[in-house]
Structures are given as structure tokens and as C-alpha cells.
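Content type TSV, C-alpha atoms, from the file data11.tsv:
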chain	number	residue	atom	x	y	z
A	1	MET	CA	23.95	-42.77	-8.71
A	2	ALA	CA	22.22	-39.47	-8.24
A	3	THR	CA	21.52	-38.41	-4.71
A	4	LEU	CA	19.01	-36.03	-3.20
A	5	ARG	CA	21.71	-34.19	-1.26
A	6	HIS	CA	21.79	-30.59	-2.41
A	7	ALA	CA	25.03	-29.50	-0.81
A	8	PRO	CA	26.53	-26.19	-1.93
A	9	PRO	CA	29.35	-26.31	-4.49
A	10	GLY	CA	32.79	-26.70	-3.05
A	11	ASP	CA	31.55	-28.18	0.23
A	12	GLY	CA	34.45	-30.63	0.27
A	13	VAL	CA	32.36	-33.78	-0.09
A	14	PRO	CA	34.32	-36.24	-2.30
A	15	PRO	CA	32.68	-37.52	-5.50
A	16	PRO	CA	31.07	-40.96	-5.40
A	17	ALA	CA	33.49	-43.82	-6.09
A	18	GLY	CA	34.03	-44.30	-9.81
A	19	ALA	CA	32.20	-41.11	-10.81
A	20	VAL	CA	33.65	-39.59	-13.98
A	21	LEU	CA	30.86	-37.08	-14.60
A	22	GLN	CA	29.11	-35.29	-11.76
A	23	THR	CA	26.87	-32.31	-11.12
A	24	THR	CA	26.32	-30.70	-7.74
A	25	ALA	CA	23.35	-28.43	-6.98
A	26	LEU	CA	23.11	-27.71	-10.70
A	27	ALA	CA	20.86	-24.83	-11.78
A	28	VAL	CA	20.44	-23.91	-15.45
A	29	GLY	CA	18.15	-21.47	-17.20
A	30	TYR	CA	17.41	-19.30	-20.16
A	31	GLY	CA	17.19	-15.62	-19.35
A	32	ASP	CA	15.18	-15.24	-16.16
A	33	LEU	CA	13.65	-18.72	-16.39
A	34	ARG	CA	15.31	-21.49	-14.38
A	35	VAL	CA	14.72	-24.78	-16.16
A	36	VAL	CA	16.84	-26.98	-13.88
A	37	GLU	CA	17.30	-26.44	-10.15
A	38	GLY	CA	19.38	-28.30	-7.57
A	39	VAL	CA	20.22	-31.41	-9.62
A	40	ASP	CA	22.82	-33.77	-8.17
A	41	LEU	CA	23.99	-36.43	-10.61
A	42	ALA	CA	26.89	-38.86	-10.76
A	43	VAL	CA	27.73	-41.11	-13.69
A	44	ARG	CA	30.15	-43.92	-12.90
A	45	GLU	CA	32.57	-45.78	-15.14
A	46	GLY	CA	31.18	-49.13	-16.24
A	47	GLU	CA	27.58	-48.07	-15.66
A	48	ILE	CA	24.64	-46.66	-17.60
A	49	THR	CA	22.62	-43.89	-15.97
A	50	ALA	CA	19.23	-43.11	-17.50
A	51	LEU	CA	17.71	-39.65	-17.25
A	52	LEU	CA	13.91	-39.89	-17.34
A	53	GLY	CA	11.09	-37.38	-17.37
A	54	SER	CA	8.36	-35.88	-19.49
A	55	ASN	CA	9.01	-33.46	-22.32
A	56	GLY	CA	9.86	-30.15	-20.69
A	57	SER	CA	11.25	-31.68	-17.50
A	58	GLY	CA	14.81	-30.45	-18.16
A	59	LYS	CA	16.51	-33.63	-19.45
A	60	THR	CA	18.08	-32.12	-22.55
A	61	THR	CA	19.07	-29.01	-20.61
A	62	VAL	CA	21.02	-31.18	-18.15
A	63	LEU	CA	22.74	-33.01	-21.03
A	64	ARG	CA	23.62	-29.76	-22.81
A	65	THR	CA	25.10	-28.44	-19.59
A	66	VAL	CA	27.25	-31.45	-18.74
A	67	VAL	CA	28.73	-31.51	-22.26
A	68	GLY	CA	29.50	-27.78	-22.28
A	69	LEU	CA	26.82	-26.36	-24.60
A	70	GLN	CA	24.97	-24.57	-21.80
A	71	ARG	CA	26.45	-22.69	-18.86
A	72	PRO	CA	25.05	-23.29	-15.37
A	73	LEU	CA	23.57	-20.45	-13.37
A	74	ALA	CA	24.64	-22.14	-10.14
A	75	GLY	CA	26.27	-25.33	-8.97
A	76	GLU	CA	29.07	-27.10	-10.79
A	77	VAL	CA	29.95	-29.80	-13.28
A	78	ARG	CA	32.89	-32.10	-12.62
A	79	LEU	CA	34.49	-34.11	-15.40
A	80	PHE	CA	37.01	-36.74	-14.35
A	81	GLY	CA	37.10	-35.22	-10.87
A	82	GLU	CA	37.80	-31.63	-11.93
A	83	VAL	CA	35.35	-28.73	-11.99
A	84	THR	CA	34.94	-27.64	-15.61
A	85	ARG	CA	33.40	-24.78	-17.53
A	86	ALA	CA	35.16	-25.79	-20.76
A	87	ALA	CA	33.45	-25.84	-24.15
A	88	LEU	CA	32.30	-29.09	-25.76
A	89	HIS	CA	35.38	-29.48	-27.97
A	90	ALA	CA	37.68	-29.27	-24.95
A	91	ARG	CA	35.62	-31.80	-23.00
A	92	ALA	CA	35.67	-34.08	-26.05
A	93	ARG	CA	39.47	-33.92	-26.16
A	94	ALA	CA	39.51	-34.87	-22.48
A	95	GLY	CA	37.47	-38.03	-23.14
A	96	LEU	CA	33.79	-37.09	-23.34
A	97	GLY	CA	31.61	-38.28	-26.22
A	98	TYR	CA	28.27	-36.69	-27.11
A	99	ILE	CA	25.50	-37.84	-29.45
A	100	ALA	CA	22.83	-35.21	-29.96
A	101	GLU	CA	19.21	-36.01	-30.76
A	102	ASN	CA	19.80	-35.22	-34.46
A	103	ARG	CA	22.72	-37.73	-34.65
A	104	SER	CA	25.00	-35.18	-36.39
A	105	LEU	CA	25.41	-37.08	-39.65
A	106	ILE	CA	25.83	-35.54	-43.12
A	107	PRO	CA	23.06	-37.18	-45.18
A	108	ALA	CA	24.64	-36.59	-48.60
A	109	LEU	CA	27.90	-38.31	-47.67
A	110	SER	CA	28.45	-42.05	-47.55
A	111	VAL	CA	28.86	-43.86	-44.26
A	112	ARG	CA	32.57	-44.23	-45.00
A	113	ASP	CA	32.96	-40.52	-45.76
A	114	ASN	CA	31.07	-39.54	-42.60
A	115	LEU	CA	33.59	-41.60	-40.65
A	116	ARG	CA	36.52	-40.22	-42.62
A	117	LEU	CA	35.36	-36.66	-41.96
A	118	ALA	CA	35.15	-37.48	-38.24
A	119	LYS	CA	38.67	-38.96	-38.40
A	120	VAL	CA	37.37	-42.33	-37.24
A	121	ASP	CA	38.62	-45.63	-38.64
A	122	ALA	CA	35.80	-47.44	-40.44
A	123	ALA	CA	37.23	-50.81	-39.43
A	124	ALA	CA	36.99	-49.84	-35.76
A	125	VAL	CA	33.33	-48.93	-36.17
A	126	VAL	CA	32.55	-52.13	-38.08
A	127	ALA	CA	34.21	-54.12	-35.30
A	128	LEU	CA	31.72	-52.56	-32.88
A	129	ALA	CA	28.69	-52.77	-35.20
A	130	PRO	CA	29.20	-55.40	-37.94
A	131	GLN	CA	25.76	-54.54	-39.36
A	132	LEU	CA	27.33	-51.41	-40.83
A	133	GLU	CA	29.93	-53.16	-42.99
A	134	PRO	CA	27.68	-53.67	-46.06
A	135	LEU	CA	26.46	-50.07	-45.70
A	136	LEU	CA	29.81	-48.26	-45.86
A	137	SER	CA	29.24	-47.03	-49.42
A	138	ARG	CA	25.61	-46.01	-48.84
A	139	ARG	CA	24.71	-42.38	-48.25
A	140	ALA	CA	23.94	-41.77	-44.59
A	141	GLY	CA	20.64	-40.14	-45.52
A	142	LEU	CA	19.44	-43.41	-47.03
A	143	LEU	CA	20.01	-45.43	-43.87
A	144	SER	CA	17.12	-46.40	-41.63
A	145	GLY	CA	16.81	-44.61	-38.32
A	146	GLY	CA	18.29	-47.60	-36.52
A	147	GLU	CA	21.24	-47.78	-38.91
A	148	GLN	CA	21.88	-44.07	-38.47
A	149	GLN	CA	21.88	-44.39	-34.71
A	150	LEU	CA	24.19	-47.43	-34.86
A	151	LEU	CA	26.52	-45.33	-36.99
A	152	SER	CA	26.38	-42.41	-34.55
A	153	VAL	CA	27.01	-44.61	-31.51
A	154	GLY	CA	29.69	-46.67	-33.25
A	155	ARG	CA	31.46	-43.53	-34.43
A	156	ALA	CA	31.43	-42.10	-30.90
A	157	LEU	CA	32.60	-45.32	-29.25
A	158	ALA	CA	35.40	-45.83	-31.79
A	159	ARG	CA	37.02	-42.73	-30.26
A	160	ARG	CA	37.14	-44.66	-26.97
A	161	PRO	CA	35.52	-42.02	-24.74
A	162	ARG	CA	35.64	-42.44	-20.99
A	163	VAL	CA	32.10	-41.11	-20.76
A	164	LEU	CA	29.40	-41.06	-23.46
A	165	VAL	CA	26.32	-38.80	-23.31
A	166	VAL	CA	23.41	-39.75	-25.59
A	167	ASP	CA	20.20	-37.76	-26.07
A	168	GLU	CA	17.01	-39.68	-27.03
A	169	PHE	CA	19.06	-42.70	-28.02
A	170	CYS	CA	16.15	-44.80	-29.32
A	171	GLN	CA	13.65	-42.16	-30.38
A	172	GLY	CA	11.62	-43.35	-33.39
A	173	LEU	CA	13.48	-46.63	-33.76
A	174	ALA	CA	11.84	-49.96	-34.54
A	175	PRO	CA	12.12	-52.53	-31.70
A	176	LEU	CA	14.90	-54.58	-33.34
A	177	ALA	CA	16.92	-51.45	-34.09
A	178	ALA	CA	16.45	-50.23	-30.52
A	179	GLU	CA	17.71	-53.59	-29.24
A	180	ALA	CA	20.82	-53.37	-31.43
A	181	VAL	CA	21.66	-49.86	-30.21
A	182	SER	CA	20.93	-50.84	-26.61
A	183	ALA	CA	23.25	-53.85	-26.90
A	184	LEU	CA	26.05	-51.66	-28.23
A	185	LEU	CA	25.71	-49.22	-25.34
A	186	ARG	CA	25.48	-52.03	-22.79
A	187	LYS	CA	28.67	-53.63	-24.08
A	188	ALA	CA	30.44	-50.27	-23.97
A	189	ALA	CA	29.45	-49.84	-20.33
A	190	ASP	CA	30.46	-53.40	-19.49
A	191	ASP	CA	33.87	-52.60	-21.01
A	192	GLY	CA	34.25	-49.62	-18.66
A	193	THR	CA	32.65	-46.62	-20.39
A	194	ALA	CA	30.39	-44.40	-18.30
A	195	VAL	CA	27.12	-43.76	-20.18
A	196	LEU	CA	24.50	-41.09	-19.51
A	197	LEU	CA	21.42	-41.31	-21.71
A	198	VAL	CA	17.95	-39.90	-22.16
A	199	GLU	CA	15.23	-42.38	-23.11
A	200	GLN	CA	11.46	-41.93	-23.27
A	201	VAL	CA	10.51	-45.62	-23.07
A	202	LEU	CA	10.56	-46.30	-19.34
A	203	ARG	CA	10.76	-50.11	-19.39
A	204	ARG	CA	13.61	-50.06	-21.91
A	205	ALA	CA	15.50	-47.48	-19.88
A	206	LEU	CA	15.17	-49.43	-16.63
A	207	ALA	CA	16.09	-52.72	-18.32
A	208	LEU	CA	19.23	-51.25	-19.87
A	209	SER	CA	20.51	-48.93	-17.16
A	210	ASP	CA	22.21	-49.47	-13.82
A	211	ARG	CA	20.91	-46.27	-12.23
A	212	PHE	CA	18.28	-43.69	-13.08
A	213	LEU	CA	16.95	-40.25	-12.22
A	214	VAL	CA	13.49	-38.86	-12.83
A	215	LEU	CA	13.28	-35.14	-13.47
A	216	ARG	CA	10.02	-33.32	-12.83
A	217	GLN	CA	9.82	-29.58	-13.41
A	218	GLY	CA	13.59	-29.41	-13.52
A	219	ALA	CA	14.27	-31.12	-10.17
A	220	VAL	CA	15.08	-34.68	-9.18
A	221	ALA	CA	11.82	-36.37	-8.17
A	222	LEU	CA	13.21	-39.90	-7.79
A	223	ALA	CA	16.61	-41.57	-8.14
A	224	GLY	CA	17.94	-45.04	-7.47
A	225	ARG	CA	19.20	-48.35	-8.79
A	226	SER	CA	17.31	-49.51	-11.84
A	227	ALA	CA	17.15	-53.12	-10.67
A	228	ASP	CA	15.26	-52.04	-7.56
A	229	HIS	CA	12.56	-50.24	-9.57
A	230	ARG	CA	11.83	-52.45	-12.56
A	231	ASN	CA	8.61	-53.61	-10.91
A	232	ARG	CA	7.59	-50.06	-10.00
A	233	THR	CA	7.05	-48.66	-13.48
A	234	GLU	CA	3.55	-47.35	-12.75
A	235	GLU	CA	4.88	-45.23	-9.90
A	236	ILE	CA	7.65	-43.83	-12.08
A	237	GLU	CA	5.28	-43.23	-15.00
A	238	ARG	CA	3.16	-41.03	-12.75
A	239	LEU	CA	6.23	-38.90	-12.12
A	240	THR	CA	7.20	-38.70	-15.78
A	241	VAL	CA	3.78	-37.56	-17.00
A	242	ALA	CA	3.56	-33.85	-16.40
A	243	ALA	CA	0.26	-32.34	-15.33
A	244	ALA	CA	-1.37	-29.82	-17.63
A	245	GLY	CA	0.57	-26.57	-17.66
A	246	GLU	CA	3.43	-28.06	-15.68
A	247	ALA	CA	6.01	-28.63	-18.39
A	248	ARG	CA	8.93	-26.26	-18.79
A	249	PRO	CA	11.11	-25.63	-21.85
A	250	ARG	CA	13.55	-28.46	-22.61
The structure given in the file should be rewritten as C-alpha cells.
Amino acid sequence: MATLRHAPPGDGVPPPAGAVLQTTALAVGYGDLRVVEGVDLAVREGEITALLGSNGSGKTTVLRTVVGLQRPLAGEVRLFGEVTRAALHARARAGLGYIAENRSLIPALSVRDNLRLAKVDAAAVVALAPQLEPLLSRRAGLLSGGEQQLLSVGRALARRPRVLVVDEFCQGLAPLAAEAVSALLRKAADDGTAVLLVEQVLRRALALSDRFLVLRQGAVALAGRSADHRNRTEEIERLTVAAAGEARPR
């Protein structure tokens, strides 16, 4: 769960129990512009944490920072209890999985060849998402958006990451496809994987996740247990809709 404590880095406070990915007083920016300021976040094994907020609130910036694509200006990122400034490939070797908004598939290659290129066993992916079995010979670019996202999530989970970070996991998906992807992520969390995701549909995010944070102008405006806030969607929606001129770069 994220907290609103903005203690300085290295203050000796132990990480929350079960936290495998954590930020403390995180500040990130581009040039002189600070996009994220003072964000405390903890993602626990066996749980899904949803990062909510309007476009421009800093969600993708936080994700890029925790996976190693963006360097913080202040604060720290801890992965599996250790402070890290490693690049994405090193964090991936340590047990972090990352699915970017573009899904990182090669459209001209078949599903099977996309998996082969990623050094992932197709049978392991099919075991996670049986819907993909009849599609193994189809070019990835010919899959529906839901099928592409199932492939991206299945490919990532087949590597058995300890923590999985997913940006805009259901963006543009039909309801049935979104349900299939949500079910796959929920099962992964129930099996022990820590999941951090960005999702624009508030009700879906609260229904799927265990904990959530709302970012507004790059800072945590609200955080808590999802189950305690599923009947407070109007309040959260007011926080996630930025006022005119308020939004910052993602």
C-alpha cells in the first residue's frame, strides 16, 4: 500500500511487509520540470496495486522510473529490498517484468516467432492463456487488441517474474477482452506475483486491485485499500479529472 509519509531516503524505516517494489519520496522530471514529487509507493507480493490519475498526472513517469527507464531526481527505488539505479535489463534479470503501453510485439512475426524471439516457451504461454493456442501461427499484427494484450501478458508471466509492471493494461480493449486480461493478472497475483498497473477505467481498476493510489499533478492525492473505496468512485473520479491547465507531461 502506498502511504502519505514522505520520509527522506535512507531514514531507516523498514519497507512494508511483503513489499518487493517500493519508492520513497520519489521525484522525477524532465529538464527543469518536475513531473512527480514525493511519491511513496509499495507493491506487495500476491497483490495488485493500481495507479490512477488523469492523463498528465505522472502515472507513466512513475512506471518508467520503477522499471529503470527514467532516473529519479530525488528519492529512491527499492527492488526486492535493495536500492537500485540499474537499467531495465538488469532489473528484468533480477525478476521484474514490464509491459509497455505499445505491448512490444513485432507485428510481421507470428505469435510463435514472437515468443521464440523472446526466448519464451509457447507451451508455457498457452498454459496461462489457452485462447492463444489456435493463434500461434497467426501474425501478431493480425490479432485483436485483446489477443495482443493476452500475448504480451502471457509472455511476461511465462518468465515467472516476481513483480510485473503493466502500463494501460486494458486501453482500447473490448469488455470481454479486458475481462480475460484482468483474470490473467488476478491469477498471477493470487499465485504470488506482485503487480503494479495503470488503468484508466476506475471501476475496473478498483474491482481488480487490492490497493490503489491516485496521482494528481504528480503527487499522491489519495491511497488506500481498493475494497474500502469501491463505493466511493465519484470522489475518486473528481481527483482523477484534472482541471483545465492542470495536467503535466506524462
- Name the closest residue to Arg186 in chain A among the candidates A:Ile236, A:Ile48, A:Val201, A:Ala25; distances are taken between atoms, counting all atoms listed in the file.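 Under the stated criterion, the closest residue is A:Ile48.
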- Record the distance separating CA of Ala183 in chain A and CA of Pro16 in chain A, expressed in Å with one decimal.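 CA of Ala183 in chain A sits 26.3 Å away from CA of Pro16 in chain A.
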- Residues within 8 Å of Leu21 in chain A, all atoms listed in the file, excluding chain neighbours under 4 positions, as number ranges by chain: A: 41-44, 66, 77-81, 163
Can I get the selected residues back with C-alpha atoms, as a PDB file, keeping the file's coordinate frame?
ATOM      1  CA  LEU A  41      23.990 -36.430 -10.610  1.00  0.00           C
ATOM      2  CA  ALA A  42      26.890 -38.860 -10.760  1.00  0.00           C
ATOM      3  CA  VAL A  43      27.730 -41.110 -13.690  1.00  0.00           C
ATOM      4  CA  ARG A  44      30.150 -43.920 -12.900  1.00  0.00           C
ATOM      5  CA  VAL A  66      27.250 -31.450 -18.740  1.00  0.00           C
ATOM      6  CA  VAL A  77      29.950 -29.800 -13.280  1.00  0.00           C
ATOM      7  CA  ARG A  78      32.890 -32.100 -12.620  1.00  0.00           C
ATOM      8  CA  LEU A  79      34.490 -34.110 -15.400  1.00  0.00           C
ATOM      9  CA  PHE A  80      37.010 -36.740 -14.350  1.00  0.00           C
ATOM     10  CA  GLY A  81      37.100 -35.220 -10.870  1.00  0.00           C
ATOM     11  CA  VAL A 163      32.100 -41.110 -20.760  1.00  0.00           C
TER      12      VAL A 163
END
- Task: Find the distance between CA of Val111 in chain A and CA of Gly141 in chain A and write it in Å to one decimal.
- Result: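 Rounded to one decimal, the two atoms are 9.1 Å apart.
Nearest residue to Leu164 in chain A among A:Ala17, A:Val181, A:Ala189, A:Ala223 is A:Ala189, counting all atoms listed in the file.
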- Find the residues with any atom within 12 Å of (14.7, -53.9, -35.6); use all atoms listed in the file and the coordinates as given in the file, and write the answer as a VMD selection string. chain A and resid 131 144 to 147 149 to 150 170 172 to 182
- Task: Name the residues in contact with Val120 in chain A at a cut-off of 9 Å, using only C-alpha atoms, excluding same-chain residues fewer than 5 positions from it; report them as a list in words.
- Result: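 The contact residues come out as Asn114, Leu115, Val125, Arg155, Ala156, Ala158 and Arg159 of chain A.
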- Looking at A:Gly192, A:Gly224, A:Gly31, A:Gly97, which one is nearest to Leu63 in chain A, with distances taken over only C-alpha atoms? A:Gly97
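The gap separating CA of Ala207 in chain A from CA of Arg238 in chain A is 18.3 Å, in Å to one decimal.
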- Message: So that I can see what lies close to Asp210 in chain A, please list as a list in words the residues with an atom at most 9 Å from it, counting all atoms listed in the file and leaving out residues fewer than 2 positions away in the same chain.
- Response: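 In the requested form, the answer reads Met1, Glu47, Ile48, Thr49, Ala50, Leu206, Ala207, Leu208, Phe212, Gly224, Arg225, Ser226 and Ala227 of chain A.
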- Message: Measuring between only C-alpha atoms, which one of A:Leu222, A:Ser104, A:Gly29, A:Ala90 shows the shortest distance to Leu117 in chain A?
- Response: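 Selected residue with least distance to Leu117 in chain A: A:Ser104.
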- Which of A:Leu239, A:Val126, A:Val220, A:Val214 sits closest to Leu151 in chain A [using only C-alpha atoms]: A:Val126
- What's the 8 Å shell around Arg216 in chain A, counting only C-alpha atoms, without same-chain residues fewer than 4 positions away, as a PyMOL selection string? chain A and resi 53-54+57-58+220-221+239-240+242
- Could you check which of A:Leu202, A:Ala129, A:Ala86, A:Ala219 is closest to Glu235 in chain A, using all atoms listed in the file? A:Leu202
